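So this one's run.pdb, PDB, C-alpha atoms:
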ATOM      1  CA  MET L   1       8.698   2.231  -4.538
ATOM      2  CA  ILE L   2      10.466   5.554  -4.074
ATOM      3  CA  HIS L   3      13.002   3.949  -1.741
ATOM      4  CA  LEU L   4      13.387   0.952  -4.066
ATOM      5  CA  TYR L   5      14.196   2.973  -7.185
ATOM      6  CA  MET L   6      16.241   5.548  -5.310
ATOM      7  CA  ASN L   7      18.491   2.802  -3.949
ATOM      8  CA  LYS L   8      18.723   1.112  -7.350
ATOM      9  CA  LEU L   9      19.909   4.372  -8.916
ATOM     10  CA  ILE L  10      22.434   4.976  -6.153
ATOM     11  CA  ASN L  11      23.834   1.437  -6.372
ATOM     12  CA  ALA L  12      24.036   1.632 -10.160
ATOM     13  CA  THR L  13      25.942   4.926 -10.060
ATOM     14  CA  VAL L  14      28.442   4.660  -7.208
ATOM     15  CA  ALA L  15      30.149   1.721  -5.516
ATOM     16  CA  GLU L  16      29.010   0.727  -2.047
ATOM     17  CA  GLY L  17      30.910   2.677   0.594
ATOM     18  CA  ASP L  18      32.216   5.263  -1.891
ATOM     19  CA  THR L  19      31.914   8.345   0.304
ATOM     20  CA  MET L  20      34.155  10.367  -1.994
ATOM     21  CA  ASN L  21      31.687  10.336  -4.877
ATOM     22  CA  TYR L  22      28.355  10.127  -3.044
ATOM     23  CA  HIS L  23      26.809  13.151  -1.338
ATOM     24  CA  SER L  24      23.356  13.483   0.180
ATOM     25  CA  PHE L  25      21.285  16.458   1.312
ATOM     26  CA  VAL L  26      18.253  15.180   3.188
ATOM     27  CA  ASN L  27      15.305  16.966   4.814
ATOM     28  CA  GLY L  28      16.439  20.556   4.566
ATOM     29  CA  LYS L  29      17.277  23.198   2.012
ATOM     30  CA  PRO L  30      20.858  22.616   0.842
ATOM     31  CA  ASP L  31      23.198  25.433  -0.063
ATOM     32  CA  PRO L  32      22.883  25.860  -3.868
ATOM     33  CA  ASN L  33      26.496  27.041  -4.106
ATOM     34  CA  GLU L  34      27.747  23.909  -2.316
ATOM     35  CA  VAL L  35      25.707  21.701  -4.655
ATOM     36  CA  ARG L  36      27.028  23.563  -7.716
ATOM     37  CA  GLU L  37      30.608  23.112  -6.496
ATOM     38  CA  LEU L  38      30.077  19.372  -6.019
ATOM     39  CA  MET L  39      28.439  19.085  -9.449
ATOM     40  CA  GLU L  40      31.479  20.620 -11.111
ATOM     41  CA  THR L  41      33.988  18.492  -9.200
ATOM     42  CA  VAL L  42      35.526  15.641 -11.207
ATOM     43  CA  PRO L  43      34.775  12.187  -9.688
ATOM     44  CA  PHE L  44      37.564  10.700  -7.582
ATOM     45  CA  PHE L  45      38.810   7.522  -9.327
ATOM     46  CA  ALA L  46      35.300   6.741 -10.604
ATOM     47  CA  ASP L  47      33.126   7.354 -13.654
ATOM     48  CA  ARG L  48      30.325   9.196 -11.874
ATOM     49  CA  ARG L  49      29.614  11.406  -8.899
ATOM     50  CA  LEU L  50      26.108  11.175  -7.409
ATOM     51  CA  ILE L  51      24.378  13.939  -5.459
ATOM     52  CA  LEU L  52      21.118  13.022  -3.712
ATOM     53  CA  ILE L  53      18.782  15.846  -2.681
ATOM     54  CA  ARG L  54      15.598  14.971  -0.780
ATOM     55  CA  ASP L  55      12.648  17.258  -0.008
ATOM     56  CA  SER L  56      14.580  20.396  -0.853
ATOM     57  CA  GLY L  57      11.563  22.643  -1.327
ATOM     58  CA  TRP L  58      13.222  23.961  -4.489
ATOM     59  CA  PHE L  59      10.400  22.883  -6.792
ATOM     60  CA  LYS L  60       8.062  25.710  -5.827
ATOM     61  CA  GLY L  61       7.961  28.922  -7.791
ATOM     62  CA  HIS L  62      11.121  30.428  -9.243
ATOM     63  CA  ASN L  63      14.501  28.873  -8.473
ATOM     64  CA  SER L  64      17.706  30.054 -10.098
ATOM     65  CA  PHE L  65      19.206  26.566  -9.718
ATOM     66  CA  SER L  66      17.426  25.636 -12.961
ATOM     67  CA  GLU L  67      20.327  27.303 -14.798
ATOM     68  CA  ALA L  68      22.754  24.844 -13.165
ATOM     69  CA  ILE L  69      20.673  21.914 -14.445
ATOM     70  CA  GLU L  70      21.234  23.090 -18.009
ATOM     71  CA  ALA L  71      25.013  22.990 -17.498
ATOM     72  CA  ILE L  72      25.297  19.764 -15.506
ATOM     73  CA  PRO L  73      28.495  17.874 -16.485
ATOM     74  CA  PRO L  74      28.168  14.318 -17.872
ATOM     75  CA  THR L  75      30.133  12.906 -14.910
ATOM     76  CA  THR L  76      27.559  14.099 -12.368
ATOM     77  CA  VAL L  77      24.250  12.425 -11.550
ATOM     78  CA  LEU L  78      21.911  14.715  -9.628
ATOM     79  CA  LEU L  79      19.011  12.828  -8.030
ATOM     80  CA  PHE L  80      16.071  14.745  -6.586
ATOM     81  CA  VAL L  81      13.524  12.900  -4.430
ATOM     82  CA  GLU L  82      10.644  15.266  -3.738
ATOM     83  CA  SER L  83       7.209  14.877  -2.181
ATOM     84  CA  ASP L  84       5.926  18.359  -3.045
ATOM     85  CA  VAL L  85       6.461  19.554  -6.612
ATOM     86  CA  ASP L  86       5.015  22.412  -8.638
ATOM     87  CA  LYS L  87       5.117  21.172 -12.221
ATOM     88  CA  THR L  88       5.036  24.755 -13.508
ATOM     89  CA  SER L  89       8.230  25.706 -11.653
ATOM     90  CA  ASP L  90      11.371  26.609 -13.581
ATOM     91  CA  LEU L  91      13.369  23.858 -11.882
ATOM     92  CA  PHE L  92      10.848  21.141 -12.728
ATOM     93  CA  LYS L  93      10.810  22.229 -16.360
ATOM     94  CA  ALA L  94      14.629  22.186 -16.459
ATOM     95  CA  VAL L  95      14.806  18.709 -14.944
ATOM     96  CA  LYS L  96      12.174  17.446 -17.368
ATOM     97  CA  GLU L  97      14.035  18.921 -20.343
ATOM     98  CA  HIS L  98      17.551  17.848 -19.429
ATOM     99  CA  GLY L  99      16.921  14.772 -17.294
ATOM    100  CA  TYR L 100      14.196  12.295 -16.424
ATOM    101  CA  VAL L 101      11.069  12.696 -14.282
ATOM    102  CA  SER L 102       9.426   9.714 -12.612
ATOM    103  CA  GLU L 103       6.145  10.246 -10.786
ATOM    104  CA  ILE L 104       5.515   7.335  -8.409
ATOM    105  CA  ASN L 105       1.931   6.974  -7.203
ATOM    106  CA  GLY L 106       1.855   3.316  -6.200
ATOM    107  CA  LEU L 107       1.485   0.119  -8.190
ATOM    108  CA  SER L 108      -1.534  -1.320  -9.942
ATOM    109  CA  GLU L 109      -2.815  -4.719  -8.855
ATOM    110  CA  GLU L 110      -1.082  -6.418 -11.787
ATOM    111  CA  ASP L 111       2.204  -4.648 -11.054
ATOM    112  CA  LEU L 112       1.942  -5.615  -7.386
ATOM    113  CA  ARG L 113       1.559  -9.264  -8.432
ATOM    114  CA  LEU L 114       4.596  -8.938 -10.699
ATOM    115  CA  PHE L 115       6.560  -7.313  -7.875
ATOM    116  CA  ILE L 116       5.616 -10.140  -5.489
ATOM    117  CA  GLY L 117       6.417 -12.806  -8.083
ATOM    118  CA  SER L 118       9.783 -11.304  -9.060
ATOM    119  CA  THR L 119      10.782 -10.840  -5.414
ATOM    120  CA  PHE L 120      10.127 -14.479  -4.561
ATOM    121  CA  LYS L 121      11.747 -15.612  -7.818
ATOM    122  CA  LYS L 122      15.024 -14.075  -6.627
ATOM    123  CA  HIS L 123      14.787 -16.398  -3.632
ATOM    124  CA  GLY L 124      14.098 -19.435  -5.823
ATOM    125  CA  LEU L 125      10.410 -19.497  -4.914
ATOM    126  CA  GLY L 126       7.193 -19.400  -6.893
ATOM    127  CA  ILE L 127       3.798 -18.038  -5.837
ATOM    128  CA  SER L 128       0.387 -18.393  -7.493
ATOM    129  CA  ALA L 129      -1.770 -15.387  -8.400
ATOM    130  CA  SER L 130      -4.395 -16.411  -5.825
ATOM    131  CA  CYS L 131      -1.747 -16.712  -3.111
ATOM    132  CA  ALA L 132      -0.313 -13.300  -4.061
ATOM    133  CA  ASP L 133      -3.818 -11.835  -3.753
ATOM    134  CA  TYR L 134      -4.182 -13.472  -0.336
ATOM    135  CA  LEU L 135      -0.870 -11.969   0.747
ATOM    136  CA  LEU L 136      -2.013  -8.489  -0.377
ATOM    137  CA  GLU L 137      -5.363  -8.934   1.357
ATOM    138  CA  ARG L 138      -3.650 -10.004   4.568
ATOM    139  CA  VAL L 139      -0.807  -7.467   4.844
ATOM    140  CA  GLY L 140      -1.977  -4.649   2.549
ATOM    141  CA  ALA L 141      -0.249  -2.873  -0.340
ATOM    142  CA  ASP L 142       2.145  -0.688   1.684
ATOM    143  CA  MET L 143       5.464  -1.442  -0.032
ATOM    144  CA  ASN L 144       7.580  -1.312   3.130
ATOM    145  CA  VAL L 145       5.290  -3.683   5.037
ATOM    146  CA  LEU L 146       4.866  -5.951   2.023
ATOM    147  CA  THR L 147       8.626  -6.195   1.505
ATOM    148  CA  MET L 148       9.265  -7.052   5.161
ATOM    149  CA  GLU L 149       6.579  -9.732   5.139
ATOM    150  CA  MET L 150       7.958 -11.223   1.909
ATOM    151  CA  ASP L 151      11.431 -11.348   3.470
ATOM    152  CA  LYS L 152       9.974 -13.343   6.375
ATOM    153  CA  LEU L 153       8.168 -15.689   3.995
ATOM    154  CA  ALA L 154      11.255 -16.177   1.801
ATOM    155  CA  ALA L 155      13.322 -17.186   4.834
ATOM    156  CA  PHE L 156      10.633 -19.561   6.101
ATOM    157  CA  CYS L 157       9.911 -21.172   2.711
ATOM    158  CA  LYS L 158      13.537 -21.493   1.602
ATOM    159  CA  GLY L 159      14.061 -24.720  -0.298
ATOM    160  CA  GLN L 160      10.394 -25.729  -0.608
ATOM    161  CA  GLY L 161       9.950 -24.257  -4.107
ATOM    162  CA  GLU L 162       6.678 -22.409  -3.618
ATOM    163  CA  VAL L 163       5.002 -20.064  -1.177
ATOM    164  CA  LYS L 164       1.589 -21.409  -0.169
ATOM    165  CA  ALA L 165      -1.438 -19.771   1.409
ATOM    166  CA  SER L 166      -0.846 -21.773   4.590
ATOM    167  CA  ASP L 167       2.646 -20.245   4.798
ATOM    168  CA  VAL L 168       1.217 -16.744   4.374
ATOM    169  CA  LYS L 169      -1.300 -17.375   7.148
ATOM    170  CA  ARG L 170       1.295 -18.869   9.477
ATOM    171  CA  ILE L 171       4.164 -16.403   8.986
ATOM    172  CA  THR L 172       2.782 -12.978   8.085
ATOM    173  CA  THR L 173       1.411 -10.401  10.502
ATOM    174  CA  PRO L 174      -2.003  -9.291   9.243
ATOM    175  CA  VAL L 175      -2.999  -5.648   9.126
ATOM    176  CA  THR L 176      -6.362  -4.703  10.602
ATOM    177  CA  GLU L 177      -7.982  -4.401   7.184
ATOM    178  CA  GLY L 178      -6.880  -7.930   6.341
ATOM    179  CA  GLN L 179      -8.361  -9.287   9.550
ATOM    180  CA  ILE L 180     -11.620  -7.449   8.856
ATOM    181  CA  PHE L 181     -11.782  -9.025   5.393
ATOM    182  CA  ALA L 182     -11.178 -12.433   6.973
ATOM    183  CA  MET L 183     -13.938 -11.770   9.526
ATOM    184  CA  MET L 184     -16.299 -10.790   6.758
ATOM    185  CA  ASP L 185     -15.479 -14.040   4.937
ATOM    186  CA  CYS L 186     -16.432 -15.953   8.073
ATOM    187  CA  ILE L 187     -19.695 -14.027   8.434
ATOM    188  CA  VAL L 188     -20.651 -14.502   4.784
ATOM    189  CA  ASN L 189     -19.731 -18.197   5.017
ATOM    190  CA  ASN L 190     -21.676 -18.551   8.289
ATOM    191  CA  GLU L 191     -18.603 -19.544  10.336
ATOM    192  CA  ARG L 192     -19.327 -18.054  13.751
ATOM    193  CA  ALA L 193     -16.506 -19.719  15.690
ATOM    194  CA  LYS L 194     -13.854 -18.429  13.262
ATOM    195  CA  ALA L 195     -15.392 -14.963  13.204
ATOM    196  CA  ILE L 196     -15.305 -14.769  17.016
ATOM    197  CA  GLU L 197     -11.714 -16.020  17.045
ATOM    198  CA  LEU L 198     -10.658 -13.261  14.624
ATOM    199  CA  TYR L 199     -12.606 -10.722  16.664
ATOM    200  CA  GLY L 200     -10.655 -11.770  19.745
ATOM    201  CA  GLU L 201      -7.355 -11.428  17.860
ATOM    202  CA  LEU L 202      -8.261  -7.888  16.806
ATOM    203  CA  LEU L 203      -9.129  -6.977  20.388
ATOM    204  CA  GLY L 204      -5.718  -8.323  21.332
ATOM    205  CA  THR L 205      -4.111  -5.748  19.020
ATOM    206  CA  GLN L 206      -5.906  -2.970  20.972
ATOM    207  CA  GLU L 207      -8.527  -2.358  18.296
ATOM    208  CA  SER L 208     -11.746  -1.101  19.870
ATOM    209  CA  PRO L 209     -14.982  -3.076  19.370
ATOM    210  CA  LEU L 210     -16.617   0.058  17.935
ATOM    211  CA  ARG L 211     -13.905   0.484  15.304
ATOM    212  CA  ILE L 212     -14.183  -3.201  14.389
ATOM    213  CA  LEU L 213     -17.947  -2.804  13.987
ATOM    214  CA  TYR L 214     -17.447   0.369  11.946
ATOM    215  CA  MET L 215     -14.975  -1.330   9.579
ATOM    216  CA  LEU L 216     -17.206  -4.380   9.174
ATOM    217  CA  THR L 217     -20.158  -2.133   8.353
ATOM    218  CA  ASN L 218     -18.078  -0.234   5.794
ATOM    219  CA  ASN L 219     -17.030  -3.503   4.169
ATOM    220  CA  PHE L 220     -20.635  -4.632   3.943
ATOM    221  CA  TYR L 221     -21.514  -1.282   2.380
ATOM    222  CA  SER L 222     -18.773  -1.841  -0.216
ATOM    223  CA  PHE L 223     -20.170  -5.359  -0.722
ATOM    224  CA  TYR L 224     -23.619  -3.853  -1.277
ATOM    225  CA  LYS L 225     -22.359  -1.357  -3.880
ATOM    226  CA  VAL L 226     -20.449  -4.081  -5.746
ATOM    227  CA  MET L 227     -23.527  -6.346  -5.783
ATOM    228  CA  ALA L 228     -25.801  -3.537  -6.983
ATOM    229  CA  LEU L 229     -23.475  -2.593  -9.845
ATOM    230  CA  ALA L 230     -22.969  -6.243 -10.806
ATOM    231  CA  ASP L 231     -26.749  -6.728 -10.932
ATOM    232  CA  SER L 232     -26.843  -3.790 -13.357
ATOM    233  CA  GLY L 233     -24.534  -5.659 -15.710
ATOM    234  CA  ILE L 234     -21.344  -3.750 -14.899
ATOM    235  CA  SER L 235     -18.101  -5.737 -15.300
ATOM    236  CA  ALA L 236     -15.758  -6.407 -12.380
ATOM    237  CA  ASP L 237     -13.016  -4.155 -13.783
ATOM    238  CA  GLU L 238     -15.445  -1.299 -14.353
ATOM    239  CA  ILE L 239     -16.826  -1.705 -10.818
ATOM    240  CA  ALA L 240     -13.284  -1.503  -9.444
ATOM    241  CA  THR L 241     -12.690   1.710 -11.405
ATOM    242  CA  ARG L 242     -15.973   3.331 -10.378
ATOM    243  CA  LEU L 243     -15.579   2.487  -6.687
ATOM    244  CA  SER L 244     -11.782   3.011  -6.561
ATOM    245  CA  MET L 245     -11.330  -0.529  -5.242
ATOM    246  CA  ARG L 246      -8.665  -3.082  -6.023
ATOM    247  CA  PRO L 247      -9.953  -5.568  -8.644
ATOM    248  CA  PHE L 248      -9.137  -8.623  -6.498
ATOM    249  CA  VAL L 249     -11.346  -7.194  -3.699
ATOM    250  CA  VAL L 250     -14.215  -6.693  -6.163
ATOM    251  CA  LYS L 251     -13.814 -10.242  -7.457
ATOM    252  CA  LYS L 252     -13.832 -11.546  -3.895
ATOM    253  CA  PHE L 253     -17.117  -9.741  -3.228
ATOM    254  CA  LEU L 254     -18.541 -11.130  -6.451
ATOM    255  CA  ARG L 255     -17.656 -14.675  -5.373
ATOM    256  CA  GLN L 256     -19.432 -14.050  -2.072
ATOM    257  CA  LYS L 257     -22.444 -12.621  -3.925
ATOM    258  CA  LYS L 258     -23.861 -16.117  -4.431
ATOM    259  CA  ARG L 259     -24.283 -16.616  -0.686
ATOM    260  CA  TRP L 260     -26.134 -13.404   0.225
ATOM    261  CA  THR L 261     -29.007 -11.430  -1.241
ATOM    262  CA  LEU L 262     -28.782  -7.714  -1.845
ATOM    263  CA  SER L 263     -31.448  -7.057   0.797
ATOM    264  CA  LYS L 264     -29.584  -9.096   3.427
ATOM    265  CA  VAL L 265     -26.372  -7.166   2.789
ATOM    266  CA  LEU L 266     -28.294  -3.879   3.078
ATOM    267  CA  ASN L 267     -29.808  -5.079   6.367
ATOM    268  CA  ALA L 268     -26.289  -5.752   7.693
ATOM    269  CA  VAL L 269     -25.240  -2.208   6.744
ATOM    270  CA  GLU L 270     -28.294  -0.673   8.402
ATOM    271  CA  ASP L 271     -27.879  -2.805  11.544
ATOM    272  CA  GLY L 272     -24.199  -1.888  11.794
ATOM    273  CA  ASN L 273     -24.984   1.820  11.456
ATOM    274  CA  ASP L 274     -27.827   1.578  13.975
ATOM    275  CA  MET L 275     -25.663  -0.220  16.539
ATOM    276  CA  GLU L 276     -22.921   2.362  16.101
ATOM    277  CA  ARG L 277     -25.426   5.170  16.745
ATOM    278  CA  ARG L 278     -26.709   3.398  19.874
ATOM    279  CA  VAL L 279     -23.164   3.009  21.210
ATOM    280  CA  LYS L 280     -22.401   6.692  20.663
ATOM    281  CA  SER L 281     -25.651   7.724  22.347
ATOM    282  CA  GLY L 282     -24.914   5.507  25.347
ATOM    283  CA  ASP L 283     -27.785   3.058  24.748
ATOM    284  CA  LEU L 284     -25.507   0.095  23.978
ATOM    285  CA  GLU L 285     -22.083  -1.040  25.194
ATOM    286  CA  GLU L 286     -19.578  -1.327  22.333
ATOM    287  CA  HIS L 287     -18.520  -4.925  23.092
ATOM    288  CA  MET L 288     -22.183  -5.922  23.096
ATOM    289  CA  ALA L 289     -22.811  -4.111  19.803
ATOM    290  CA  ALA L 290     -19.986  -5.861  17.940
ATOM    291  CA  GLU L 291     -20.938  -9.271  19.365
ATOM    292  CA  MET L 292     -24.629  -8.786  18.575
ATOM    293  CA  PHE L 293     -23.686  -8.067  14.964
ATOM    294  CA  LEU L 294     -21.557 -11.222  14.746
ATOM    295  CA  PHE L 295     -24.200 -13.414  16.361
ATOM    296  CA  LYS L 296     -27.045 -12.013  14.272
ATOM    297  CA  TYR L 297     -25.382 -12.771  10.949
ATOM    298  CA  THR L 298     -23.826 -16.152  11.777
ATOM    299  CA  THR L 299     -25.033 -19.371  13.376
ATOM    300  CA  ALA L 300     -23.175 -21.730  15.692
TER     301      ALA L 300
END
Translate this file's structure into C-alpha cells.
Amino acid sequence: MIHLYMNKLINATVAEGDTMNYHSFVNGKPDPNEVRELMETVPFFADRRLILIRDSGWFKGHNSFSEAIEAIPPTTVLLFVESDVDKTSDLFKAVKEHGYVSEINGLSEEDLRLFIGSTFKKHGLGISASCADYLLERVGADMNVLTMEMDKLAAFCKGQGEVKASDVKRITTPVTEGQIFAMMDCIVNNERAKAIELYGELLGTQESPLRILYMLTNNFYSFYKVMALADSGISADEIATRLSMRPFVVKKFLRQKKRWTLSKVLNAVEDGNDMERRVKSGDLEEHMAAEMFLFKYTTA
C-alpha cells in the first residue's frame, strides 16, 4: 500500500520521465541544505516540483528542518516515506500542521476485497466475494504478492468476464499458509488422498515435515478457540477481533464446525503437540509424525 500510494502521488505530481522536477533521496540521511535549495527552486516548465525522501531518520527527536516545512512554497511537493516515526518530534508536528499524514498499517478484510475487485474491474473482469476470499486464503494478504498474482490472473482470464475459483487454483502460486489451510480442509472433510497430495506439494517446496505438522497443529488450535467462543454465543466478528484473525478465516472455521466436535479438535491439537515433542526428543522421525497425524484424522 505504501508503494501504491507513493507512486500515485508521484504520477499525479510530475510527468513520467521528468527528471528536472523529480528528486529522490532514498535510504540515507539527505543533506538538509540541498533539500532546502531544491524546495525553493522554481519548477522547470511545470506546475510542481516533487522531492521524495525515504527513511531519512529525521523524525526522531529535534530536527531543525521543521522550520523549512512551515515555509514550503506552493510549487513544491515534499513527500516523506518513513518506517520509523516519533509522533512527538518537531518535524512530525510540522508535517501534520502544514501537510498531510497517512499512517498505513494494512487493509481490513473488506478493503482487501474492494482492492481485489477494483483491480480486476480495471481489466474488465469481475470476481465474487467468495472467490476473493479464496484468493486471499491461497496467496495471503501481502500486497506485493497479491498484486503479482492478480496480474497473472488478469492476463489468463482476459476476455472471459469473470475470475473463477478454478482459475485461482490453476494460475496462482499458493503460500505455505494457504496450502496448510487447504490441507486442514481435506482433513476436516475426511479427504485423505487430497491431504497427502498437498503434503507432498509442500515437501516439494522444501518445507520440513515438522514445520508442516507444527502449522497444522496451530491451525487446529485456532479452530478449537473459534469453536469454544462460538459455543459461548460469541459472534463471528467478535471472535475475529478477540483472536486477531481475519473474519473470513473465522467464518471458514465456523462452517467446518458442523463436521467436528470440540473434543475431537482438542485431541488433534494434543496429538500434534505430542508428536512434535517426540520428534524433538528423538523418539519419532518427523516424516512419520506428520504422516501419522494425517492418517489418524482421515480415512482412505
Open item on the list: When you count all atoms listed in the file, which of these residues is closest to L:Ile72: L:Ser232, L:Asn11, L:Thr41, L:Thr88?
Closed with: L:Thr41
Any chance you could work out the axis-aligned box around stretch 127-134 of chain L, listed atoms only, 4 Å on each side, giving centre and edge lengths in Å to one decimal, as AutoDock Vina command-line options?
--center_x -0.3 --center_y -15.1 --center_z -4.4 --size_x 16.2 --size_y 14.6 --size_z 16.1
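Between atom CA of L:Ser102 and atom CA of L:Glu16 lies a distance of 24.0 Å.
The set of residues that the PyMOL selection byres ((chain L and resi 243) around 12) takes from this file is Tyr221, Ser222, Phe223, Tyr224, Lys225, Val226, Met227, Ala228, Leu229, Ile234, Ala236, Asp237, Glu238, Ile239, Ala240, Thr241, Arg242, Ser244, Met245, Arg246, Pro247, Val249 and Val250 of chain L.
One distance worth recording is that between atom CA of L:Ser130 and atom CA of L:Trp260, which is 22.8 Å.
Note that the spacing between atom CA of L:Met183 and atom CA of L:Ala289 amounts to 15.6 Å.
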Within 10 Å of L:Met288, counting all atoms listed in the file, which residues show up once you throw out same-chain ones fewer than 3 positions away? Write them as a PDB file with C-alpha atoms, keeping the file's coordinate frame, please.
ATOM      1  CA  PRO L 209     -14.982  -3.076  19.370  1.00  0.00           C
ATOM      2  CA  LEU L 210     -16.617   0.058  17.935  1.00  0.00           C
ATOM      3  CA  MET L 275     -25.663  -0.220  16.539  1.00  0.00           C
ATOM      4  CA  VAL L 279     -23.164   3.009  21.210  1.00  0.00           C
ATOM      5  CA  LEU L 284     -25.507   0.095  23.978  1.00  0.00           C
ATOM      6  CA  GLU L 285     -22.083  -1.040  25.194  1.00  0.00           C
ATOM      7  CA  GLU L 291     -20.938  -9.271  19.365  1.00  0.00           C
ATOM      8  CA  MET L 292     -24.629  -8.786  18.575  1.00  0.00           C
ATOM      9  CA  PHE L 293     -23.686  -8.067  14.964  1.00  0.00           C
ATOM     10  CA  LEU L 294     -21.557 -11.222  14.746  1.00  0.00           C
TER      11      LEU L 294
END
TODO: Give as an NGL selection string the residues that the PyMOL selection byres ((chain L and resi 63-68) around 6) matches when applied to the coordinates above.
DONE: :L and (62 or 69-71 or 91 or 94)
Open item on the list: Restricting the calculation to only C-alpha atoms: of L:Phe25, L:Phe156, L:Phe253, L:Trp58, which residue gets closest to L:Asp84?
Closed with: L:Trp58
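For the choices L:Val175, L:Leu107, L:Ala165, L:Ala155, the atom-to-atom distance to L:Val139 is smallest for L:Val175 when using only C-alpha atoms.
Considering all atoms listed in the file, the residue among L:His287, L:Asp151, L:Val265, L:Ala132 positioned nearest to L:Ser208 is L:His287.
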TODO: Just say which residues the PyMOL selection byres ((chain L and resi 76-78) around 7) picks in this file, as a ChimeraX atom specification.
DONE: /L:39,48-52,72-75,79-80
Name all residues at most 7 Å from L:Ile171 (count all atoms listed in the file; drop same-chain ones fewer than 3 positions away) and give them as a tab-separated table (two decimals) with C-alpha atoms, keeping the file's coordinate frame.
chain	number	residue	atom	x	y	z
L	153	LEU	CA	8.17	-15.69	4.00
L	167	ASP	CA	2.65	-20.24	4.80
L	168	VAL	CA	1.22	-16.74	4.37
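Residues in contact with L:Gln256 at 9 Å, where only C-alpha atoms are counted and same-chain residues fewer than 6 positions away are skipped, are listed as L:Asp185, L:Val188, L:Asn189, L:Phe223.
Comparing the minimum interatomic distances between L:Asp133 and each of L:Phe120, L:Lys251, L:Tyr214, L:Glu197, counting only C-alpha atoms, we find that L:Lys251 sits nearest.
Residue nearest L:Gly140 within the list L:Thr298, L:Ser128, L:Ser118, L:Thr176: L:Thr176 [criterion: smallest interatomic distance, only C-alpha atoms].
The point (6.6, 9.3, -8.2) has these residues within 12 Å of it, counting all atoms listed in the file: Met1, Ile2, His3, Leu4, Tyr5, Met6, Phe80, Val81, Glu82, Ser83, Asp84, Val85, Tyr100, Val101, Ser102, Glu103, Ile104, Asn105, Gly106 and Leu107 of chain L.
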Open item on the list: Need the shell around L:Tyr297: protein/DNA/RNA residues with any atom at most 9 Å away, counting only C-alpha atoms. Skip same-chain ones fewer than 6 positions apart. Format as a ChimeraX atom specification?
Closed with: /L:187-188,190,192,268
